[in-house]
Amino acid sequence: GGAATGTDGRGNGAPRAGVEDRVAAAAVLVRADLSADSAGLIDQTRALENLKCWADGQQARLAVAFELRHREEHANGEPQADNAGQAKPGTLAAGDLGKKRPKAQTLGAAEQIALARGESPHRGGRFLGMAKALVTEMPHTLAALDTGQLNEERTIHVVKETACLSVEDRAAVDEELAADTGTFNGAGTRAVIAAARAAAIRRDARSV
């Protein structure tokens, strides 16, 4: 906890709250009110689900930024990462994640992200791949995740169904399925997959 060093983003040198303090403050604000009536309990459940989706969007942005930082820091003489940001596995304690380490202790970006999220390297690589697609090519789908119209699982399906398209076609599908079109409103996983696949086929049936 405690205040972090650095500026507040406006360049005036004011201290900013550390991540632990910010998360703790958010936890207080969104703590479940079990005394609410039935409608209130459901409203809180929906709101917290939206918050989970928003947090997934924030993690996606962090993952892309971390992979870029990781590549920059290990560009000179360190193990080269593959397309998923993975390198030869080393040994890192949880407290060492994200820190620049000697060559023998270097883990790839995907592995470190996976450990931070408490999941397998495979799932960490999949999340990083999704994050890169969202941040660099699919801003509308990322917005749908931010607002809770899509959860992480359904977002992964949208990314997967459009992976075969060119950057231009994928951007067009992303815009077609934008959050404000209502495509994802109340849609289950199968409906989301079907919508993404149909939009991809309209753009490039042969690739699909």
# chains A, B, ... in the order shown; residues from 1 in each chain; ligands from 1

$ residues_around --residues "A:Glu168" --least-positions-apart "3" --cutoff "12 Å" --atoms "only C-alpha atoms" --output "PyMOL selection string"
chain A and resi 136-138+162-165+171-175+200+203-204

$ atom_distance --atom1 "atom CA of A:Ile201" --atom2 "atom CA of A:Gly57"
26.5 Å

$ residues_around --residues "A:Asn151" --least-positions-apart "3" --cutoff "6 Å" --atoms "only C-alpha atoms" --output "list in words"
Cys53, Leu145 and Arg154 of chain A

$ closest_residue --among "A:Arg22, A:His140, A:Arg31, A:Lys52" --to "A:Thr181" --atoms "only C-alpha atoms"
A:His140

$ residues_around --residues "A:Gln149" --least-positions-apart "4" --cutoff "8 Å" --atoms "only C-alpha atoms" --output "JSON, numbers by chain"
{"A": [144, 145, 179, 184, 185, 186]}

$ residues_around --residues "A:Thr183" --least-positions-apart "3" --cutoff "10 Å" --atoms "only C-alpha atoms" --output "list in words"
Gln149, Glu176, Leu177, Ala178, Ala179, Asp180, Gly186, Ala187, Ala191, Val192, Ala195 and Ala196 of chain A

$ residues_around --residues "stretch 123-131 of chain A" --least-positions-apart "5" --cutoff "9 Å" --atoms "only C-alpha atoms" --output "ChimeraX atom specification"
/A:57,59-64,67,83-86,109-115,117-118,136,142,152,155-156,159-160

$ residues_around --residues "A:Ile193" --least-positions-apart "6" --cutoff "8 Å" --atoms "only C-alpha atoms" --output "list of chain:residue names"
A:Arg154, A:His157, A:Val158, A:Glu161
